[in-house]
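The next block is target.cif, given as mmCIF, C-alpha atoms and all ligand atoms.
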```cif
data_coords
#
loop_
_atom_site.group_PDB
_atom_site.id
_atom_site.type_symbol
_atom_site.label_atom_id
_atom_site.label_comp_id
_atom_site.auth_asym_id
_atom_site.auth_seq_id
_atom_site.Cartn_x
_atom_site.Cartn_y
_atom_site.Cartn_z
ATOM 1 C CA MET A 913 20.173 329.508 -57.801
ATOM 2 C CA ALA A 914 21.378 328.007 -61.051
ATOM 3 C CA ASN A 915 20.789 324.270 -61.097
ATOM 4 C CA PRO A 916 24.254 322.834 -60.332
ATOM 5 C CA PHE A 917 23.207 319.496 -61.795
ATOM 6 C CA GLN A 918 22.744 321.181 -65.188
ATOM 7 C CA LEU A 919 26.143 322.889 -65.218
ATOM 8 C CA ASP A 920 28.723 321.382 -67.565
ATOM 9 C CA ARG A 921 31.459 321.214 -64.938
ATOM 10 C CA SER A 922 33.093 318.459 -62.911
ATOM 11 C CA TRP A 923 32.010 317.805 -59.339
ATOM 12 C CA LEU A 924 34.573 318.689 -56.693
ATOM 13 C CA LYS A 925 34.420 316.858 -53.356
ATOM 14 C CA GLY A 926 35.225 318.805 -50.227
ATOM 15 C CA ASN A 927 35.097 319.040 -46.460
ATOM 16 C CA LEU A 928 34.850 322.545 -45.059
ATOM 17 C CA HIS A 929 35.014 321.995 -41.289
ATOM 18 C CA THR A 930 37.802 320.013 -39.617
ATOM 19 C CA HIS A 931 39.983 320.358 -36.527
ATOM 20 C CA THR A 932 43.647 319.401 -36.117
ATOM 21 C CA THR A 933 46.007 319.082 -33.163
ATOM 22 C CA ASN A 934 46.318 322.867 -33.304
ATOM 23 C CA SER A 935 43.021 322.775 -31.391
ATOM 24 C CA ASP A 936 41.175 319.552 -30.523
ATOM 25 C CA GLY A 937 41.472 317.444 -33.658
ATOM 26 C CA PRO A 938 42.995 313.967 -34.013
ATOM 27 C CA TRP A 939 45.818 314.647 -36.461
ATOM 28 C CA SER A 940 48.435 317.254 -37.246
ATOM 29 C CA PRO A 941 47.564 319.644 -40.089
ATOM 30 C CA GLN A 942 49.747 317.652 -42.506
ATOM 31 C CA ASP A 943 48.248 314.301 -41.477
ATOM 32 C CA THR A 944 44.774 315.787 -41.837
ATOM 33 C CA VAL A 945 45.561 316.894 -45.382
ATOM 34 C CA ASP A 946 47.122 313.501 -46.171
ATOM 35 C CA ASN A 947 44.048 311.645 -44.883
ATOM 36 C CA TYR A 948 41.623 313.659 -46.985
ATOM 37 C CA ALA A 949 43.888 313.499 -50.039
ATOM 38 C CA ALA A 950 43.972 309.697 -49.683
ATOM 39 C CA LYS A 951 40.165 309.661 -49.626
ATOM 40 C CA GLY A 952 40.005 311.405 -52.996
ATOM 41 C CA TYR A 953 38.859 314.828 -51.829
ATOM 42 C CA ASP A 954 39.458 317.879 -54.020
ATOM 43 C CA PHE A 955 39.386 320.620 -51.381
ATOM 44 C CA LEU A 956 39.645 320.939 -47.621
ATOM 45 C CA THR A 957 39.371 323.633 -44.986
ATOM 46 C CA ILE A 958 41.080 323.321 -41.620
ATOM 47 C CA THR A 959 38.956 325.180 -39.096
ATOM 48 C CA ASP A 960 40.675 325.093 -35.726
ATOM 49 C CA HIS A 961 39.057 326.946 -32.857
ATOM 50 C CA ASN A 962 39.737 330.672 -32.710
ATOM 51 C CA MET A 963 42.835 330.487 -34.881
ATOM 52 C CA VAL A 964 43.764 330.231 -38.540
ATOM 53 C CA THR A 965 46.027 327.237 -39.051
ATOM 54 C CA ASN A 966 48.659 328.126 -41.610
ATOM 55 C CA VAL A 967 48.170 325.814 -44.577
ATOM 56 C CA ALA A 968 50.653 327.568 -46.857
ATOM 57 C CA GLY A 969 53.566 325.264 -46.055
ATOM 58 C CA LEU A 970 51.695 321.962 -46.224
ATOM 59 C CA ARG A 971 52.088 319.306 -48.935
ATOM 60 C CA THR A 972 48.673 319.467 -50.576
ATOM 61 C CA GLY A 973 48.477 316.001 -52.121
ATOM 62 C CA GLY A 974 46.485 317.644 -54.919
ATOM 63 C CA LEU A 975 43.946 319.239 -52.565
ATOM 64 C CA THR A 976 42.968 322.881 -52.732
ATOM 65 C CA LEU A 977 43.502 324.079 -49.161
ATOM 66 C CA LEU A 978 41.256 326.923 -48.072
ATOM 67 C CA PRO A 979 42.174 328.741 -44.857
ATOM 68 C CA GLY A 980 39.489 328.786 -42.204
ATOM 69 C CA ALA A 981 38.598 328.870 -38.527
ATOM 70 C CA GLU A 982 35.724 328.214 -36.161
ATOM 71 C CA VAL A 983 34.798 331.100 -33.914
ATOM 72 C CA VAL A 984 31.932 331.818 -31.561
ATOM 73 C CA VAL A 985 29.559 334.663 -31.082
ATOM 74 C CA SER A 986 27.830 335.330 -27.806
ATOM 75 C CA PRO A 987 25.163 333.093 -26.267
ATOM 76 C CA ALA A 988 21.899 332.289 -27.905
ATOM 77 C CA ALA A 989 18.592 332.300 -26.029
ATOM 78 C CA LEU A 990 19.357 329.137 -24.046
ATOM 79 C CA GLY A 991 22.917 330.112 -23.203
ATOM 80 C CA GLN A 992 24.750 328.111 -25.862
ATOM 81 C CA THR A 993 27.209 330.108 -27.920
ATOM 82 C CA ILE A 994 26.657 330.228 -31.666
ATOM 83 C CA HIS A 995 29.509 328.554 -33.535
ATOM 84 C CA VAL A 996 30.448 330.122 -36.859
ATOM 85 C CA VAL A 997 32.797 328.717 -39.502
ATOM 86 C CA VAL A 998 34.701 331.387 -41.410
ATOM 87 C CA LEU A 999 36.371 330.643 -44.722
ATOM 88 C CA GLY A 1000 39.290 332.487 -46.248
ATOM 89 C CA PRO A 1001 40.609 334.606 -43.364
ATOM 90 C CA THR A 1002 44.315 335.333 -43.165
ATOM 91 C CA ALA A 1003 44.108 335.820 -39.392
ATOM 92 C CA ILE A 1004 41.611 336.286 -36.603
ATOM 93 C CA PRO A 1005 41.334 340.016 -35.831
ATOM 94 C CA GLU A 1006 43.188 341.055 -32.677
ATOM 95 C CA ASP A 1007 40.061 342.531 -31.160
ATOM 96 C CA TYR A 1008 38.193 339.211 -31.403
ATOM 97 C CA ASP A 1009 38.080 337.722 -27.896
ATOM 98 C CA PRO A 1010 36.666 334.165 -27.691
ATOM 99 C CA ALA A 1011 36.301 334.510 -23.914
ATOM 100 C CA ASN A 1012 34.122 337.531 -24.470
ATOM 101 C CA PRO A 1013 32.672 336.916 -27.920
ATOM 102 C CA PRO A 1014 30.900 339.609 -29.876
ATOM 103 C CA PRO A 1015 27.118 339.655 -30.114
ATOM 104 C CA PRO A 1016 25.602 337.752 -33.043
ATOM 105 C CA GLN A 1017 24.632 341.052 -34.622
ATOM 106 C CA ALA A 1018 28.369 341.632 -35.214
ATOM 107 C CA LEU A 1019 28.424 338.813 -37.768
ATOM 108 C CA PRO A 1020 28.328 341.057 -40.848
ATOM 109 C CA THR A 1021 31.647 342.531 -39.755
ATOM 110 C CA PHE A 1022 33.126 339.043 -40.091
ATOM 111 C CA GLY A 1023 32.655 339.454 -43.819
ATOM 112 C CA LYS A 1024 35.373 342.091 -43.754
ATOM 113 C CA TRP A 1025 38.031 339.616 -42.687
ATOM 114 C CA CYS A 1026 36.937 336.430 -44.421
ATOM 115 C CA GLU A 1027 35.461 335.361 -47.744
ATOM 116 C CA LEU A 1028 32.256 333.863 -46.351
ATOM 117 C CA PHE A 1029 30.862 332.212 -43.237
ATOM 118 C CA TRP A 1030 28.010 329.999 -42.037
ATOM 119 C CA ILE A 1031 26.317 328.799 -38.857
ATOM 120 C CA ALA A 1032 27.762 325.511 -37.568
ATOM 121 C CA HIS A 1033 25.685 322.593 -36.212
ATOM 122 C CA PRO A 1034 22.532 324.518 -35.129
ATOM 123 C CA PHE A 1035 20.759 321.416 -33.734
ATOM 124 C CA TRP A 1036 23.788 320.364 -31.666
ATOM 125 C CA SER A 1037 23.871 323.935 -30.315
ATOM 126 C CA LEU A 1038 20.101 323.804 -29.700
ATOM 127 C CA LEU A 1039 19.714 327.072 -31.534
ATOM 128 C CA GLU A 1040 16.211 328.320 -32.019
ATOM 129 C CA PRO A 1041 14.978 330.076 -35.159
ATOM 130 C CA ALA A 1042 14.800 333.256 -33.084
ATOM 131 C CA ASP A 1043 18.555 332.971 -32.487
ATOM 132 C CA ILE A 1044 19.366 332.913 -36.202
ATOM 133 C CA LEU A 1045 16.603 334.927 -37.857
ATOM 134 C CA PRO A 1046 18.069 338.301 -36.809
ATOM 135 C CA LEU A 1047 21.508 337.361 -38.178
ATOM 136 C CA GLU A 1048 22.869 338.556 -41.503
ATOM 137 C CA GLY A 1049 25.630 337.752 -43.922
ATOM 138 C CA TYR A 1050 25.904 333.975 -43.496
ATOM 139 C CA ILE A 1051 25.626 331.736 -46.562
ATOM 140 C CA GLY A 1052 23.900 328.859 -44.780
ATOM 141 C CA VAL A 1053 23.740 326.397 -41.931
ATOM 142 C CA GLU A 1054 25.272 322.980 -41.481
ATOM 143 C CA VAL A 1055 22.436 320.625 -42.374
ATOM 144 C CA TYR A 1056 24.687 317.721 -41.375
ATOM 145 C CA ASN A 1057 27.673 317.570 -39.030
ATOM 146 C CA THR A 1058 29.345 314.171 -38.742
ATOM 147 C CA ILE A 1059 30.801 314.473 -35.257
ATOM 148 C CA CYS A 1060 27.590 315.945 -33.841
ATOM 149 C CA HIS A 1061 25.671 313.046 -35.387
ATOM 150 C CA TYR A 1062 28.033 310.347 -34.121
ATOM 151 C CA HIS A 1063 28.513 311.826 -30.634
ATOM 152 C CA THR A 1064 25.105 313.149 -29.729
ATOM 153 C CA GLY A 1065 22.597 312.168 -32.389
ATOM 154 C CA ARG A 1066 22.032 315.850 -33.087
ATOM 155 C CA GLY A 1067 23.829 316.136 -36.408
ATOM 156 C CA CYS A 1068 20.919 316.922 -38.740
ATOM 157 C CA SER A 1069 19.455 320.424 -38.820
ATOM 158 C CA GLU A 1070 16.814 320.342 -41.555
ATOM 159 C CA MET A 1071 14.080 321.910 -39.475
ATOM 160 C CA ILE A 1072 15.897 325.116 -38.649
ATOM 161 C CA TRP A 1073 17.100 325.321 -42.267
ATOM 162 C CA ASP A 1074 13.504 325.081 -43.537
ATOM 163 C CA THR A 1075 12.392 327.648 -40.979
ATOM 164 C CA LEU A 1076 14.980 330.093 -42.292
ATOM 165 C CA LEU A 1077 13.887 329.385 -45.884
ATOM 166 C CA LEU A 1078 10.277 329.903 -44.898
ATOM 167 C CA HIS A 1079 11.213 333.340 -43.595
ATOM 168 C CA GLY A 1080 12.742 334.212 -46.950
ATOM 169 C CA ARG A 1081 16.392 333.600 -46.127
ATOM 170 C CA LYS A 1082 18.108 332.182 -49.228
ATOM 171 C CA VAL A 1083 20.592 330.047 -47.343
ATOM 172 C CA TRP A 1084 22.332 326.788 -48.175
ATOM 173 C CA GLY A 1085 22.690 323.517 -46.255
ATOM 174 C CA LEU A 1086 26.234 322.235 -45.787
ATOM 175 C CA ALA A 1087 27.407 318.755 -44.740
ATOM 176 C CA VAL A 1088 30.761 318.662 -42.942
ATOM 177 C CA ASP A 1089 32.857 316.234 -40.905
ATOM 178 C CA ASP A 1090 34.010 318.592 -38.100
ATOM 179 C CA ILE A 1091 36.350 315.825 -36.893
ATOM 180 C CA HIS A 1092 37.617 316.145 -33.347
ATOM 181 C CA ARG A 1093 39.477 313.635 -31.230
ATOM 182 C CA GLU A 1094 38.563 310.525 -33.143
ATOM 183 C CA ASN A 1095 38.601 309.522 -36.758
ATOM 184 C CA GLN A 1096 35.212 310.228 -38.262
ATOM 185 C CA ALA A 1097 36.699 311.568 -41.473
ATOM 186 C CA GLY A 1098 34.903 311.131 -44.758
ATOM 187 C CA LYS A 1099 31.311 310.844 -43.495
ATOM 188 C CA GLY A 1100 29.875 314.245 -44.366
ATOM 189 C CA TRP A 1101 30.880 316.322 -47.376
ATOM 190 C CA ILE A 1102 29.706 318.508 -50.216
ATOM 191 C CA MET A 1103 29.890 318.015 -53.971
ATOM 192 C CA LEU A 1104 30.499 321.358 -55.643
ATOM 193 C CA LYS A 1105 30.299 322.599 -59.231
ATOM 194 C CA ALA A 1106 32.957 325.318 -59.332
ATOM 195 C CA GLU A 1107 34.448 326.688 -62.552
ATOM 196 C CA ASP A 1108 37.790 325.256 -61.469
ATOM 197 C CA SER A 1109 39.489 324.184 -58.258
ATOM 198 C CA THR A 1110 41.033 327.535 -57.343
ATOM 199 C CA PRO A 1111 39.998 329.109 -54.031
ATOM 200 C CA THR A 1112 38.346 332.013 -55.847
ATOM 201 C CA ALA A 1113 36.171 329.684 -57.924
ATOM 202 C CA ILE A 1114 35.295 327.557 -54.884
ATOM 203 C CA TYR A 1115 34.272 330.609 -52.839
ATOM 204 C CA SER A 1116 32.132 331.839 -55.728
ATOM 205 C CA ALA A 1117 30.376 328.477 -56.199
ATOM 206 C CA LEU A 1118 29.742 328.210 -52.449
ATOM 207 C CA ARG A 1119 28.137 331.658 -52.358
ATOM 208 C CA GLN A 1120 25.914 330.634 -55.286
ATOM 209 C CA GLY A 1121 24.908 327.346 -53.617
ATOM 210 C CA LEU A 1122 26.204 325.261 -56.518
ATOM 211 C CA PHE A 1123 26.554 322.095 -54.470
ATOM 212 C CA TYR A 1124 24.718 319.316 -52.717
ATOM 213 C CA SER A 1125 25.508 317.838 -49.332
ATOM 214 C CA THR A 1126 25.696 314.193 -48.383
ATOM 215 C CA SER A 1127 26.570 311.647 -45.724
ATOM 216 C CA GLY A 1128 26.652 308.886 -48.345
ATOM 217 C CA PRO A 1129 24.245 308.908 -51.306
ATOM 218 C CA GLN A 1130 25.248 310.519 -54.559
ATOM 219 C CA ILE A 1131 22.850 312.672 -56.553
ATOM 220 C CA TYR A 1132 23.608 312.722 -60.258
ATOM 221 C CA ASP A 1133 20.834 314.878 -61.642
ATOM 222 C CA VAL A 1134 17.740 316.808 -60.602
ATOM 223 C CA GLN A 1135 15.368 318.389 -63.098
ATOM 224 C CA ILE A 1136 12.134 320.190 -62.350
ATOM 225 C CA GLN A 1137 9.594 319.985 -65.153
ATOM 226 C CA GLY A 1138 6.141 321.379 -64.500
ATOM 227 C CA ASP A 1139 4.576 319.515 -61.615
ATOM 228 C CA GLU A 1140 7.174 316.759 -61.619
ATOM 229 C CA VAL A 1141 10.731 316.336 -60.360
ATOM 230 C CA GLU A 1142 13.139 313.869 -61.944
ATOM 231 C CA VAL A 1143 15.991 312.592 -59.771
ATOM 232 C CA HIS A 1144 18.942 310.363 -60.658
ATOM 233 C CA CYS A 1145 20.870 309.081 -57.647
ATOM 234 C CA SER A 1146 22.858 306.162 -56.289
ATOM 235 C CA PRO A 1147 20.560 303.348 -55.028
ATOM 236 C CA CYS A 1148 18.298 304.785 -52.317
ATOM 237 C CA GLN A 1149 15.347 303.635 -50.235
ATOM 238 C CA GLU A 1150 13.618 306.999 -50.153
ATOM 239 C CA VAL A 1151 13.594 310.101 -52.313
ATOM 240 C CA ALA A 1152 11.647 313.143 -51.148
ATOM 241 C CA ALA A 1153 10.691 316.437 -52.765
ATOM 242 C CA ILE A 1154 10.214 318.832 -49.880
ATOM 243 C CA GLY A 1155 8.150 322.007 -50.194
ATOM 244 C CA LEU A 1156 7.810 324.961 -47.876
ATOM 245 C CA ALA A 1157 4.239 325.005 -46.635
ATOM 246 C CA PRO A 1158 2.554 322.815 -44.033
ATOM 247 C CA GLY A 1159 1.524 319.479 -45.467
ATOM 248 C CA THR A 1160 3.329 319.900 -48.779
ATOM 249 C CA GLY A 1161 5.912 317.558 -50.221
ATOM 250 C CA TRP A 1162 6.011 314.193 -51.946
ATOM 251 C CA THR A 1163 8.053 311.090 -51.294
ATOM 252 C CA THR A 1164 8.615 307.841 -53.126
ATOM 253 C CA HIS A 1165 6.438 306.186 -50.456
ATOM 254 C CA ARG A 1166 3.479 307.779 -52.254
ATOM 255 C CA THR A 1167 4.430 306.360 -55.636
ATOM 256 C CA ASP A 1168 3.799 302.871 -56.955
ATOM 257 C CA ILE A 1169 7.450 302.167 -57.723
ATOM 258 C CA THR A 1170 9.547 300.036 -55.427
ATOM 259 C CA PRO A 1171 13.041 300.654 -54.077
ATOM 260 C CA PRO A 1172 15.931 300.814 -54.590
ATOM 261 C CA TYR A 1173 15.447 304.091 -56.402
ATOM 262 C CA GLU A 1174 18.033 305.285 -58.900
ATOM 263 C CA HIS A 1175 15.850 307.204 -61.340
ATOM 264 C CA VAL A 1176 12.498 308.484 -60.155
ATOM 265 C CA HIS A 1177 9.825 310.955 -61.170
ATOM 266 C CA ILE A 1178 8.039 312.471 -58.170
ATOM 267 C CA PRO A 1179 5.091 314.846 -58.323
ATOM 268 C CA TRP A 1180 5.456 318.025 -56.360
ATOM 269 C CA ASP A 1181 3.139 320.745 -55.197
ATOM 270 C CA VAL A 1182 3.404 323.566 -57.724
ATOM 271 C CA GLY A 1183 3.202 326.985 -56.133
ATOM 272 C CA GLN A 1184 5.815 326.499 -53.439
ATOM 273 C CA ILE A 1185 8.493 329.182 -53.252
ATOM 274 C CA SER A 1186 11.192 326.552 -53.106
ATOM 275 C CA LEU A 1187 11.808 322.865 -53.386
ATOM 276 C CA ARG A 1188 14.664 320.721 -52.147
ATOM 277 C CA ILE A 1189 15.438 317.039 -52.569
ATOM 278 C CA GLU A 1190 16.513 314.483 -49.973
ATOM 279 C CA CYS A 1191 17.710 310.943 -50.767
ATOM 280 C CA ILE A 1192 18.192 308.242 -48.105
ATOM 281 C CA ASP A 1193 20.084 305.013 -48.735
ATOM 282 C CA GLU A 1194 19.789 301.563 -47.177
ATOM 283 C CA ALA A 1195 22.208 302.488 -44.364
ATOM 284 C CA GLY A 1196 20.135 305.534 -43.447
ATOM 285 C CA ARG A 1197 22.690 307.901 -44.918
ATOM 286 C CA LYS A 1198 21.290 311.000 -46.544
ATOM 287 C CA ALA A 1199 21.905 313.545 -49.272
ATOM 288 C CA TRP A 1200 20.391 317.028 -49.473
ATOM 289 C CA THR A 1201 20.185 319.324 -52.475
ATOM 290 C CA ASN A 1202 20.072 323.034 -51.899
ATOM 291 C CA PRO A 1203 16.671 324.609 -52.411
ATOM 292 C CA PHE A 1204 15.571 325.360 -55.937
ATOM 293 C CA PHE A 1205 13.781 328.691 -55.801
ATOM 294 C CA ILE A 1206 10.942 328.528 -58.250
HETATM 295 ZN ZN ZN A 1301 31.462 323.859 -33.168
HETATM 296 ZN ZN ZN A 1302 34.153 322.395 -35.226
#
```

Rewrite the structure of this file - the entire thing - as structure tokens.
Ligand SMILES: [Zn+2]
Ligand SMILES: [Zn+2]
Amino acid sequence: MANPFQLDRSWLKGNLHTHTTNSDGPWSPQDTVDNYAAKGYDFLTITDHNMVTNVAGLRTGGLTLLPGAEVVVSPAALGQTIHVVVLGPTAIPEDYDPANPPPPQALPTFGKWCELFWIAHPFWSLLEPADILPLEGYIGVEVYNTICHYHTGRGCSEMIWDTLLLHGRKVWGLAVDDIHRENQAGKGWIMLKAEDSTPTAIYSALRQGLFYSTSGPQIYDVQIQGDEVEVHCSPCQEVAAIGLAPGTGWTTHRTDITPPYEHVHIPWDVGQISLRIECIDEAGRKAWTNPFFI
């Protein structure tokens, strides 16, 4: 992955998972767009259940609107279906039956009718690594899902993400709102470095992982130099450099500098196959970089 923090492009703010009154969301499609436009977002995907909400006729308010949907594939080991967010479809194929969803192994065929897709809220779904490891074609997993966090406390999915990375899957971690019946808009989003704000450029940057995810903190820069990582961020209480072997990783708790942290140098364990950064602010909100593959 290129380091998105080193790219000379503007950050674009976006939410890629949101429901409207076309399924079980709080607002009409137009009100949903208006709410995110008012919050200063640059792009938005409406992902109603098992249908593609038509965004072509909506007033955009300056947002890039990417078509999307949330679909399911058949049950995982414990009986929970696997939710999948698809981006860029024009329609759900007629042979897709949500009441009788296809097996997870059918996921690669999804790539024929959408631009890209990922696994939604794995912790909320209580997915096990064994449920996801056989799957192919997805760009990542939701490392943070606002509504899952606020409703059930199971919004963060770092462990299953790291397990996939450990098994060699080069997958990204996405933060999304996934708003349903109540207003939890604007609490989980990504910051993306795309060449421009067209759908094509956004899809390309998403595939390349040129973004970080956050439920609050901002990350301004990350540089890896030898056995040290330099991080610039909004004021945080913890910054962690997380490796991919048991016992590896460094946090600001092991340094002699005191919070709040806005510019820190953290040692890290050279020799790891990847490294990712997490920043936590005073309110417990978190930001996650994608893994840097060394
Ligand atoms: Zn879902
Ligand atoms: Zn959803």

Checklist entry - On this structure, which residues satisfy the PyMOL selection byres (((not hetatm)) within 7 of (chain A and resi 1301)), written as a list of chain:residue names? => result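 Expected selection for the PyMOL selection byres (((not hetatm)) within 7 of (chain A and resi 1301)) here is A:Glu982, A:His995, A:Ala1032, A:His1033.
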
Checklist entry - Which chains and residue numbers are within 9 Å of ligand ZN 1302 (chain A), counting all atoms listed in the file, if I want them as a list in words? => result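 Listed by chain and ascending number, the contacts are His929, Thr930, His931, Asp936, Gly937, Thr959, Asp960, His961, Ala981, Glu982, Val983, His995, Val996, Val997, Ala1032, His1033, Asn1057, Ile1059, Asp1089, Asp1090, Ile1091 and His1092 of chain A.
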
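Coordinates place atom CA of A:Ala1087 at a distance of 17.8 Å from atom CA of A:Pro979.
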
Checklist entry - Could you work out how far atom CA of A:Phe1029 lies from atom CA of A:Leu1077, giving the answer in Å with one decimal? => result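 According to the coordinates, atom CA of A:Leu1077 and atom CA of A:Phe1029 are separated by 17.4 Å.
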
Next on the checklist: Expand the PyMOL selection byres (((chain A and resi 918-923) around 8) and not hetatm) into the explicit residue set it covers here, and present it as JSON, numbers by chain.
Outcome noted: {"A": [915, 916, 917, 924, 925, 1103, 1104, 1105, 1106, 1107, 1133]}

Item to check | Computed interatomic separation between atom CA of A:His1144 and atom CA of A:Thr957 (Å) | outcome: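 Computing it gives 29.0 Å between the two atoms.
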